[in-house]
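See structure below.
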Amino acid sequence: MAIKKHDTPMLDQLESGPWPSFISGIKRLRDEHPDERINKVTNDLLGQLEHSYETRKGYWKGGTVSVYGYGGGIIPRFSEVGKQFPESKEFHTLRVQPPAGNMYTTDILRQLGDSWEKWGSGLVTFHGQTGNIMFIGTDTPGTQHFFDEINDYGFDLGGAGPCVRTAMCCVGAARCEQSCCNEQAIMRSLVNNFTDDVHRPALPYKFKFKVSGCPNDCQNAIERADFAVIGTWRDEMKVDQEEVKAFVEKKGRKYVIDNVISRCPTNCMSLNDDDTLEVDNRNCVRCMHCLNVMVKALSPGDDKGVTVLIGGKRTLKIGDLMGTVVVPFMKMDSEEDYERIVEIAEETIDFFAENALEHERTGEMIERIGLVNFLEGIGLEVDPNMVAEPRRSSYVRMDTWEEEAEKWFKRKAEAAAG
Amino acid sequence: MAQQHRTPIESGAPDGFQYMHPVMRKNFGQWKYHEHPRPGVLLHVAHGGDKIWTVKAGTQRILDVFTLRKLCDIGDKYGDGYVRFTIRSNIEYMVEDEAKVEPLINALEGEGFVVGGTKNSVAMISHTQGWLHCDIPGTDASGVVKAMMDELIDDFRGNNMPNRVHITTSCCQINCGGQGDIAINVQHTKPPKINHDLVGNVCERPSVVARCPVAAIRPALVNGKPSLEVDEKKCICCGACYPPCPPMQINDPEHSKLSIWVGGNHSNARSKPTFQKLVAAGIPNNPPRWPEATAIVKRILKAYQSDARDWERINDWIERIGWPRFFEMTNLPFTKFHIDNWRGARRSLNASTHIRF
Ligand code: SF4
Ligand code: SF4
Ligand code: SF4
Ligand code: SF4
């Protein structure tokens with residue numbers, strides 16, 4: 001039976017132009033897909049979307065849908081104009097955790113596509129802003145069937161609501177020379193330790209892990225993650241002086257001075273008269289700029305590890321916040337190192353669960369209670385790397401100064417003793 | 001009879017190694033450097049000499065299964081069957097053999113995908129759900145992005161910018177799109193219109209009151225029914241009350257506008273990571289192609305392209321030339337709304353005589 005297609009004069013205007021059109025894609029599902037259910041669903045979806053374009057308003061509302069045994073992972077969508085567009089009146093999205101590093105074979109993509117076409121609309125995004133595969137559009141029974149099917153071959157739902165969310169890591173060690181850690185292993189150790197908190201939302205608000213292999217932070221972890229892990233190194237960067245000379249020869253001294261030497265934020269590079277490079281490694285802040293420009297000549301050192309920052313988030317409610325350093329450096333080599341970072345995450349999430357107000361992110365909680373209270377709560381010691389500068393205001397009670405100073409000297413002595 | 005339920009396997013994030021190109025698996029952590037043979041293509045070389053070529057392509061992001069299969073067909077026929085998706089939803093094909101690169105590019109371009117997005121290009125705009133699927137959007141980010149990428153496609157394909165440009169869009173002030181060198185975000189300009197008949201039944205009033213960043217919401221009795229009222233003098237029209245209380249309708253076909261922000265940069269390279277700053281607002285939310293927003297983005301890009309030095313991101317460039325010159329070069333009005341009055345705003349004021357003439 002032929003379906004009556006909605007007119008979509010406004011959406012049609014998004015089919016012109018050279019960039020691939022999502023509207024053309026949805027129309028193909030409506031017009032060419034062998035399954036009539038998909039034709040009808042996408043037809044009504046287009047109808048509702050056109051209605052939104054005409055009235056400049058959205059018509060989805062939330063609700064409660066979950067699969068058996070879980071409390072989250074589905075974004076429920078019920079149409080407010082379901083009478084006009086009945087076939088897409090339930091149009092829920094499943095958030096599915098991607099393989100670490102967002103790696104796929106074409107085989108597994110086809111398998112996911114086949115399952116989705118059986119139970120859903122046939123629309124999918126790799127990936128949403130949190131990092132999930134977004135399977136967009138199915139009804140309530142469809143969510144369960146689809147989940148059962150893909151869960152059998154190794155895929156699991158991500159987080160939605162006040163819970164630990166799907167984590168992300170960069171391509172890193174798999175294909176990037178700047179990588180200073182095993183991003184995939186760190187990400188999976190962290191997020192897969194909290195599957196219960198992913199699937200059963202019970203935190204004050206969302207909690208995100210993101211892992212970037214170096215300070216280029218391709219995952220936007222500092223800006224967006226409650227728990228950001230960034231690869232770095234603490235010995236000297238590696239300089240291949242022959243490659244430096246070759247670079248100077250190719251690009252010219254002026255280019256090197258203007259684009260490398262003078263762009264270093266801490267002025268720690270100098271070009272020698274023989275076109276080799278001198279680096280003041282004690283003052284290098286591992287910003288990555290010179291390594292990005294001279295990829296062949298400069299590389300991270302050997303003594304690699306990670307920095308952990310906590311509390312990044314976007315606007316709601318008190319304004320954007322960057323993560324703050326809470327662990328300046330830790331090695332990520334042994335099993336104990338991995339256990340330690342998971343332990344820090346556990347302490348953080350426990351403290352967050354107990355102390356944050358409803359709908360407050362970690363960054364806002366820290367802003368409200370102060371970094372020191374947070375550090376004491378999770379058992380980390382203060383460190384000057386945690387601040388851009390010390391306090392400016394004298395309005396603070398300091399009658400335990402001696403004790404605190406003593407702690408500092410004791411820690412220094414312990415560190416010196418190894 | 002009770003239905004038999006299958007117990008979920010709580011496997012979490014799958015291991016990426018099982019889907020990883022064998023050359024990448026073999027050289028994990030062993031990469032030495034990379035080159036950029038042409039826009040859209042990266043060549044990574046391992047310490048042991050192994051090489052892998054990556055071809056990056058932009059798609060419509062919201063993929064239908066036909067398009068997904070087409071991408072897979074291309075990967076099977078012209079690639080090695082291994083792909084990954086970037087944080088900006090581009091697809092990357094990894095191949096071991098250089099001879100495959102050219103045919104792979106041709107196949108992708110032949111099917112209408114766009115090869116590019118590497119290095120100093122305008123990268124794919126990252127965007128959010130919008131009218132297609134979110135419950136609170138003021139616009140359709142997917143549509144904005146499609147219309148804008150149509151115009152920026154040459155800058156995606158080429159490497160004509162001083163450094164890479166990340167553009168993001170968000171269809172409410174929650175800003176799922178995140179920070180960007182340029183961000184196009186919804187900005188509401190009128191307080192929510194309250195449907196008092198529904199508030200009492202739908203909304204948990206104390207949590208709505210708590211959600212407001214400026215304490216503008218009070219519980220109230222309206223027509224004898226429990227509802228909420230908004231102090232419209234205090235209200236900053238942020239829309240934070242709308243998700244927990246849909247009867248507080250913030251979206252308005254005319255008064256929900258677009259705003260543009262610049263200078264967000266996630267990287268630690270050179271300066272510390274930065275947040276984006278407001279440069280333009282009051283831009284009409286004008287579907288289906290939002291020409292006014294695109295025109296301003298293009299103006300900003302043009303000024304950046306003509307004036308910034310190599311490797312300067314937009315924030316680095318403005319840091320060097322100063323904000324007055326930015327507004328001059330882009331011919332955007334500087335208004336009282338550009339002066340921050342949110343908490344901590346004083347740090348954004350000029351407390352010096354550092355002034356460029
Ligand atoms: S964050 Fe660093 S290691 Fe990871 S992909 Fe980016 S440049 Fe490479
Ligand atoms: S990494 Fe950054 S701080 Fe370190 S030497 Fe290079 S430019 Fe300077
Ligand atoms: S930016 Fe706002 S409206 Fe858009 S998808 Fe995110 S929450 Fe929804
Ligand atoms: S729009 Fe924002 S400021 Fe206005 S009442 Fe709602 S939450 Fe408060």
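Ligands are numbered from 1 in the order shown, chains are lettered A, B, ... in the order of the structure tokens, and residues start at 1 in each chain.
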Neighbours of ligand 4 within 7 Å, counting only C-alpha atoms and all ligand atoms, as a compact mmCIF listing (two decimals) with C-alpha atoms, in the first residue's frame?
# COMPACT_ATOMS: atom_id res chain seq x y z
CA PRO B 191 11.27 35.17 29.70
CA PRO B 192 9.36 31.88 29.54
CA ARG B 211 17.26 25.35 38.78
CA CYS B 212 17.12 29.07 38.05
CA PRO B 213 20.62 30.62 38.09
CA VAL B 214 19.34 34.04 39.21
CA ALA B 215 16.58 32.99 41.64
CA ALA B 216 13.88 34.56 39.49
CA ILE B 217 11.27 31.82 40.03
CA VAL B 230 8.87 34.54 37.14
CA LYS B 234 15.53 39.37 37.08
CA CYS B 235 15.08 36.69 34.42
CA ILE B 236 18.06 36.32 32.07
CA CYS B 237 16.04 34.18 29.62
CA CYS B 238 18.47 31.27 29.89
CA GLY B 239 15.87 28.53 29.56
CA ALA B 240 17.25 26.45 32.44
CA CYS B 241 13.76 26.13 33.91
CA TYR B 242 12.33 24.63 30.72
CA ILE B 250 11.07 29.41 26.59
Q) Quick one: DSSP alpha helix (DSSP H) residues in segment 189-346 of chain A, as an MDAnalysis selection string? A) chainID A and resid 189:191 195:199 221:224 241:251 253:259 289:293 335:346
Q | Test item: chain A residues at most 6 Å from chain B, counting only C-alpha atoms, as a ChimeraX atom specification | A | /A:10,17-22,25,56,58,60-61,97,99-100,102-106,113,122-126,156,173-174,177,192,215-217,220,265,287-289,295-296,316-317
Can you write out the residues you just picked, keeping C-alpha atoms, as a PDB file, in the first residue's frame?
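Once written, result17.pdb looks like this:
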ATOM      1  CA  MET A  10      11.148  23.716   3.747  1.00  0.00           C
ATOM      2  CA  GLY A  17      24.042  22.308  -2.065  1.00  0.00           C
ATOM      3  CA  PRO A  18      27.203  20.185  -2.163  1.00  0.00           C
ATOM      4  CA  TRP A  19      27.354  18.917   1.450  1.00  0.00           C
ATOM      5  CA  PRO A  20      25.657  15.530   2.005  1.00  0.00           C
ATOM      6  CA  SER A  21      22.047  16.036   3.080  1.00  0.00           C
ATOM      7  CA  PHE A  22      20.496  14.254   6.050  1.00  0.00           C
ATOM      8  CA  GLY A  25      18.928  10.240   3.573  1.00  0.00           C
ATOM      9  CA  ARG A  56      10.123  27.158  14.653  1.00  0.00           C
ATOM     10  CA  GLY A  58      10.227  21.450  18.802  1.00  0.00           C
ATOM     11  CA  TRP A  60       9.210  16.103  21.457  1.00  0.00           C
ATOM     12  CA  LYS A  61       8.728  15.514  25.120  1.00  0.00           C
ATOM     13  CA  GLN A  97      28.775   2.733  24.099  1.00  0.00           C
ATOM     14  CA  PRO A  99      34.345   0.487  21.135  1.00  0.00           C
ATOM     15  CA  ALA A 100      37.247   2.381  22.735  1.00  0.00           C
ATOM     16  CA  ASN A 102      35.766   4.623  18.095  1.00  0.00           C
ATOM     17  CA  MET A 103      37.240   1.737  16.097  1.00  0.00           C
ATOM     18  CA  TYR A 104      35.028  -0.332  13.828  1.00  0.00           C
ATOM     19  CA  THR A 105      35.309  -2.894  11.097  1.00  0.00           C
ATOM     20  CA  THR A 106      32.875  -2.559   8.234  1.00  0.00           C
ATOM     21  CA  GLY A 113      22.933  -1.538  10.823  1.00  0.00           C
ATOM     22  CA  GLY A 122      17.245   3.053  10.311  1.00  0.00           C
ATOM     23  CA  LEU A 123      18.753   6.372  11.440  1.00  0.00           C
ATOM     24  CA  VAL A 124      21.997   6.376  13.368  1.00  0.00           C
ATOM     25  CA  THR A 125      24.759   8.829  14.335  1.00  0.00           C
ATOM     26  CA  PHE A 126      28.389   8.047  15.107  1.00  0.00           C
ATOM     27  CA  ASP A 156      26.004  -2.203  25.956  1.00  0.00           C
ATOM     28  CA  ALA A 173      48.587   5.226  20.857  1.00  0.00           C
ATOM     29  CA  ALA A 174      46.707   3.416  18.102  1.00  0.00           C
ATOM     30  CA  GLU A 177      52.975   9.855  17.752  1.00  0.00           C
ATOM     31  CA  ASN A 192      33.775  -0.159  33.006  1.00  0.00           C
ATOM     32  CA  PRO A 215      47.949  17.957  26.159  1.00  0.00           C
ATOM     33  CA  ASN A 216      46.545  18.645  22.673  1.00  0.00           C
ATOM     34  CA  ASP A 217      43.444  17.210  24.351  1.00  0.00           C
ATOM     35  CA  ASN A 220      38.081  18.346  24.899  1.00  0.00           C
ATOM     36  CA  PRO A 265      54.505  30.171  26.210  1.00  0.00           C
ATOM     37  CA  CYS A 287      51.923  22.658  25.863  1.00  0.00           C
ATOM     38  CA  MET A 288      52.661  20.630  22.674  1.00  0.00           C
ATOM     39  CA  HIS A 289      52.998  23.578  20.317  1.00  0.00           C
ATOM     40  CA  VAL A 295      56.582  16.520  14.353  1.00  0.00           C
ATOM     41  CA  LYS A 296      59.642  14.739  13.059  1.00  0.00           C
ATOM     42  CA  LEU A 316      24.372  25.272  33.278  1.00  0.00           C
ATOM     43  CA  LYS A 317      24.046  26.485  36.022  1.00  0.00           C
TER      44      LYS A 317
END
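Closest to ligand 1 among A:Arg165, A:Arg175, A:Lys245, A:Lys5 is A:Arg175, based on only C-alpha atoms and all ligand atoms.
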Q: Using only C-alpha atoms, determine which residues lie at most 8 Å from Leu228 of chain B, disregarding the query and same-chain residues fewer than 2 positions distant; provide the list as a PyMOL selection string.
A: chain B and resi 194+196+199+205+217-222+226+230
Q. Restricting the calculation to only C-alpha atoms, which member of B:Lys70, B:Trp53, B:Val186, B:Asn201 is positioned closest to Gly110 of chain B?
A. B:Lys70
Env of Thr324 of chain A: 10 Å cut, atoms = only C-alpha atoms, seq-sep filter 4 positions within chain, self excluded. Answer as a PDB file with C-alpha atoms, in the first residue's frame.
ATOM      1  CA  ILE A 222      39.477  19.638  30.304  1.00  0.00           C
ATOM      2  CA  GLU A 223      36.494  21.642  29.052  1.00  0.00           C
ATOM      3  CA  ASP A 226      34.186  15.826  35.250  1.00  0.00           C
ATOM      4  CA  PHE A 227      37.211  13.538  35.250  1.00  0.00           C
ATOM      5  CA  ALA A 228      39.798  14.379  32.603  1.00  0.00           C
ATOM      6  CA  VAL A 308      44.150  14.304  36.188  1.00  0.00           C
ATOM      7  CA  LEU A 309      41.829  17.318  36.199  1.00  0.00           C
ATOM      8  CA  ILE A 310      38.403  17.409  37.802  1.00  0.00           C
ATOM      9  CA  GLY A 311      35.320  19.539  37.284  1.00  0.00           C
ATOM     10  CA  GLY A 312      35.022  20.611  33.633  1.00  0.00           C
ATOM     11  CA  PRO A 328      49.785  16.738  38.583  1.00  0.00           C
ATOM     12  CA  GLY A 363      32.895  21.535  39.149  1.00  0.00           C
ATOM     13  CA  ILE A 366      33.996  22.288  44.106  1.00  0.00           C
ATOM     14  CA  LEU A 371      38.974  22.825  46.297  1.00  0.00           C
ATOM     15  CA  ASN A 385      50.479  22.722  40.491  1.00  0.00           C
ATOM     16  CA  MET A 386      46.793  22.894  41.369  1.00  0.00           C
ATOM     17  CA  VAL A 387      46.704  26.696  41.274  1.00  0.00           C
ATOM     18  CA  ALA A 388      47.504  29.333  38.680  1.00  0.00           C
TER      19      ALA A 388
END
**Q.** Neighbourhood of ligand 2 at 12 Å, counting only C-alpha atoms and all ligand atoms, reported as an NGL selection string
**A.** (:A and (178 or 214-216 or 232-239 or 256-271 or 277-295 or 297-301)) or (:B and (267-272 or 311))
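Distances to ligand 1 were evaluated for A:Gly120, A:Gly71, A:Pro98, A:Gly231 using only C-alpha atoms and all ligand atoms, and the minimum falls at A:Gly231.
Relative to atom 2 (Fe, counted along the ligand's line) of ligand 3, atom CA of Asn120 of chain B is found at 28.6 Å.
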**Q.** Computed interatomic separation between atom CA of His255 of chain B and atom CA of His188 of chain B (Å)
**A.** 6.3 Å
Q: Just give me the gap between atom CA of Glu98 of chain B and atom CA of Cys176 of chain A in Å, one decimal is fine.
A: 18.3 Å
**Q.** Spatial neighbours of Ile150 of chain A, 8 Å, only C-alpha atoms, chain gap at least 4 places, as a PyMOL selection string
**A.** chain A and resi 112+115+146+154-156
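Every protein or nucleic acid residue with an atom no more than 12 Å from Glu354 of chain A, counting only C-alpha atoms and leaving out same-chain residues fewer than 4 positions away, appears here: Ala202, Leu203, Pro204, Tyr205, Glu347, Thr348, Ile349, Asp350, Glu358, Glu360, Thr362, Met365, Phe374, Gly377 and Ile378 of chain A.
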Write to file, as an mmCIF file, in the first residue's frame, the residues of the selection just made, with N, CA and C atoms.
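In the end it all went to part10.cif:
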data_model
loop_
_atom_site.group_PDB
_atom_site.id
_atom_site.type_symbol
_atom_site.label_atom_id
_atom_site.label_comp_id
_atom_site.auth_asym_id
_atom_site.auth_seq_id
_atom_site.Cartn_x
_atom_site.Cartn_y
_atom_site.Cartn_z
ATOM 1 N N ALA A 202 21.703 7.313 39.728
ATOM 2 C CA ALA A 202 21.421 7.613 41.131
ATOM 3 C C ALA A 202 22.369 8.656 41.680
ATOM 4 N N LEU A 203 23.033 9.396 40.784
ATOM 5 C CA LEU A 203 23.957 10.443 41.236
ATOM 6 C C LEU A 203 23.225 11.786 41.258
ATOM 7 N N PRO A 204 23.847 12.813 41.844
ATOM 8 C CA PRO A 204 23.189 14.131 41.826
ATOM 9 C C PRO A 204 22.987 14.647 40.396
ATOM 10 N N TYR A 205 23.941 14.344 39.523
ATOM 11 C CA TYR A 205 23.848 14.781 38.132
ATOM 12 C C TYR A 205 24.829 13.930 37.336
ATOM 13 N N GLU A 347 36.675 7.414 44.794
ATOM 14 C CA GLU A 347 36.593 8.405 45.879
ATOM 15 C C GLU A 347 35.842 9.643 45.409
ATOM 16 N N THR A 348 36.160 10.057 44.184
ATOM 17 C CA THR A 348 35.542 11.269 43.649
ATOM 18 C C THR A 348 34.036 11.086 43.505
ATOM 19 N N ILE A 349 33.651 9.960 42.928
ATOM 20 C CA ILE A 349 32.218 9.739 42.693
ATOM 21 C C ILE A 349 31.478 9.554 44.022
ATOM 22 N N ASP A 350 32.095 8.870 44.969
ATOM 23 C CA ASP A 350 31.450 8.731 46.289
ATOM 24 C C ASP A 350 31.243 10.088 46.940
ATOM 25 N N GLU A 358 21.353 18.476 44.295
ATOM 26 C CA GLU A 358 20.685 17.924 43.126
ATOM 27 C C GLU A 358 21.011 18.786 41.903
ATOM 28 N N GLU A 360 23.800 19.334 40.446
ATOM 29 C CA GLU A 360 25.054 20.065 40.519
ATOM 30 C C GLU A 360 26.161 19.180 39.967
ATOM 31 N N THR A 362 30.313 18.174 39.365
ATOM 32 C CA THR A 362 31.468 18.186 40.282
ATOM 33 C C THR A 362 32.114 19.568 40.352
ATOM 34 N N MET A 365 30.141 21.844 42.494
ATOM 35 C CA MET A 365 30.274 21.455 43.891
ATOM 36 C C MET A 365 31.602 21.982 44.445
ATOM 37 N N PHE A 374 37.286 19.517 48.945
ATOM 38 C CA PHE A 374 37.161 18.379 48.040
ATOM 39 C C PHE A 374 38.382 17.469 48.147
ATOM 40 N N GLY A 377 38.341 15.524 51.164
ATOM 41 C CA GLY A 377 37.308 14.493 51.064
ATOM 42 C C GLY A 377 37.761 13.262 50.302
ATOM 43 N N ILE A 378 38.582 13.458 49.279
ATOM 44 C CA ILE A 378 38.994 12.284 48.504
ATOM 45 C C ILE A 378 40.420 11.852 48.838
#
Q: Pull the strand (DSSP E or B) assignments for segment 288-383 of chain A out of DSSP run on the backbone, and list those residues as a VMD selection string.
A: chain A and resid 298 to 299 304 to 310 313 321 324 to 330
Residues just named, written with N, CA, C and O atoms as a PDB file, in the first residue's frame:
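Contents of the output file result-v6.pdb:
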ATOM      1  N   LEU A 298      60.783  16.691  17.117  1.00  0.00           N
ATOM      2  CA  LEU A 298      60.525  16.742  18.561  1.00  0.00           C
ATOM      3  C   LEU A 298      59.472  15.712  18.962  1.00  0.00           C
ATOM      4  O   LEU A 298      58.465  15.543  18.275  1.00  0.00           O
ATOM      5  N   SER A 299      59.706  15.036  20.072  1.00  0.00           N
ATOM      6  CA  SER A 299      58.702  14.086  20.583  1.00  0.00           C
ATOM      7  C   SER A 299      58.707  14.070  22.096  1.00  0.00           C
ATOM      8  O   SER A 299      59.685  14.487  22.724  1.00  0.00           O
ATOM      9  N   LYS A 304      56.708   8.725  30.836  1.00  0.00           N
ATOM     10  CA  LYS A 304      55.341   9.171  30.549  1.00  0.00           C
ATOM     11  C   LYS A 304      54.377   8.848  31.685  1.00  0.00           C
ATOM     12  O   LYS A 304      54.636   7.960  32.487  1.00  0.00           O
ATOM     13  N   GLY A 305      53.261   9.550  31.667  1.00  0.00           N
ATOM     14  CA  GLY A 305      52.222   9.323  32.669  1.00  0.00           C
ATOM     15  C   GLY A 305      51.034  10.190  32.345  1.00  0.00           C
ATOM     16  O   GLY A 305      50.836  10.562  31.181  1.00  0.00           O
ATOM     17  N   VAL A 306      50.243  10.520  33.358  1.00  0.00           N
ATOM     18  CA  VAL A 306      49.058  11.343  33.101  1.00  0.00           C
ATOM     19  C   VAL A 306      48.878  12.415  34.170  1.00  0.00           C
ATOM     20  O   VAL A 306      49.383  12.304  35.291  1.00  0.00           O
ATOM     21  N   THR A 307      48.143  13.459  33.784  1.00  0.00           N
ATOM     22  CA  THR A 307      47.655  14.480  34.700  1.00  0.00           C
ATOM     23  C   THR A 307      46.147  14.279  34.815  1.00  0.00           C
ATOM     24  O   THR A 307      45.498  13.989  33.807  1.00  0.00           O
ATOM     25  N   VAL A 308      45.602  14.430  36.022  1.00  0.00           N
ATOM     26  CA  VAL A 308      44.150  14.304  36.188  1.00  0.00           C
ATOM     27  C   VAL A 308      43.566  15.652  36.593  1.00  0.00           C
ATOM     28  O   VAL A 308      44.092  16.319  37.497  1.00  0.00           O
ATOM     29  N   LEU A 309      42.524  16.064  35.870  1.00  0.00           N
ATOM     30  CA  LEU A 309      41.829  17.318  36.199  1.00  0.00           C
ATOM     31  C   LEU A 309      40.365  17.013  36.464  1.00  0.00           C
ATOM     32  O   LEU A 309      39.760  16.183  35.767  1.00  0.00           O
ATOM     33  N   ILE A 310      39.789  17.700  37.435  1.00  0.00           N
ATOM     34  CA  ILE A 310      38.403  17.409  37.802  1.00  0.00           C
ATOM     35  C   ILE A 310      37.532  18.654  37.729  1.00  0.00           C
ATOM     36  O   ILE A 310      37.956  19.744  38.126  1.00  0.00           O
ATOM     37  N   LYS A 313      32.924  21.440  32.732  1.00  0.00           N
ATOM     38  CA  LYS A 313      31.508  21.378  32.377  1.00  0.00           C
ATOM     39  C   LYS A 313      31.104  22.599  31.566  1.00  0.00           C
ATOM     40  O   LYS A 313      31.805  23.589  31.544  1.00  0.00           O
ATOM     41  N   LEU A 321      33.017  25.906  33.295  1.00  0.00           N
ATOM     42  CA  LEU A 321      34.168  25.681  34.166  1.00  0.00           C
ATOM     43  C   LEU A 321      35.129  24.724  33.483  1.00  0.00           C
ATOM     44  O   LEU A 321      34.704  23.765  32.846  1.00  0.00           O
ATOM     45  N   THR A 324      40.139  21.241  36.992  1.00  0.00           N
ATOM     46  CA  THR A 324      41.251  21.736  37.810  1.00  0.00           C
ATOM     47  C   THR A 324      42.192  20.566  38.085  1.00  0.00           C
ATOM     48  O   THR A 324      41.733  19.455  38.368  1.00  0.00           O
ATOM     49  N   VAL A 325      43.481  20.832  38.068  1.00  0.00           N
ATOM     50  CA  VAL A 325      44.456  19.768  38.344  1.00  0.00           C
ATOM     51  C   VAL A 325      44.259  19.247  39.769  1.00  0.00           C
ATOM     52  O   VAL A 325      44.222  20.034  40.715  1.00  0.00           O
ATOM     53  N   VAL A 326      44.106  17.958  39.904  1.00  0.00           N
ATOM     54  CA  VAL A 326      44.116  17.357  41.248  1.00  0.00           C
ATOM     55  C   VAL A 326      45.236  16.329  41.382  1.00  0.00           C
ATOM     56  O   VAL A 326      45.658  16.020  42.493  1.00  0.00           O
ATOM     57  N   VAL A 327      45.688  15.781  40.252  1.00  0.00           N
ATOM     58  CA  VAL A 327      46.869  14.926  40.266  1.00  0.00           C
ATOM     59  C   VAL A 327      47.807  15.464  39.191  1.00  0.00           C
ATOM     60  O   VAL A 327      47.556  15.298  38.003  1.00  0.00           O
ATOM     61  N   PRO A 328      48.896  16.154  39.595  1.00  0.00           N
ATOM     62  CA  PRO A 328      49.785  16.738  38.583  1.00  0.00           C
ATOM     63  C   PRO A 328      50.446  15.677  37.694  1.00  0.00           C
ATOM     64  O   PRO A 328      50.595  15.880  36.505  1.00  0.00           O
ATOM     65  N   PHE A 329      50.820  14.575  38.292  1.00  0.00           N
ATOM     66  CA  PHE A 329      51.451  13.518  37.491  1.00  0.00           C
ATOM     67  C   PHE A 329      51.303  12.187  38.195  1.00  0.00           C
ATOM     68  O   PHE A 329      51.484  12.087  39.399  1.00  0.00           O
ATOM     69  N   MET A 330      50.952  11.166  37.448  1.00  0.00           N
ATOM     70  CA  MET A 330      51.063   9.810  37.974  1.00  0.00           C
ATOM     71  C   MET A 330      51.444   8.876  36.837  1.00  0.00           C
ATOM     72  O   MET A 330      51.077   9.093  35.692  1.00  0.00           O
TER      73      MET A 330
END
Q: Mind checking which residues fall within 12 Å of Asn39 of chain A, counting only C-alpha atoms, ignoring those fewer than 6 positions away in the same chain, and posting them as a PyMOL selection string?
A: chain A and resi 1-6+26-33+45-46+87-88+117+120-122
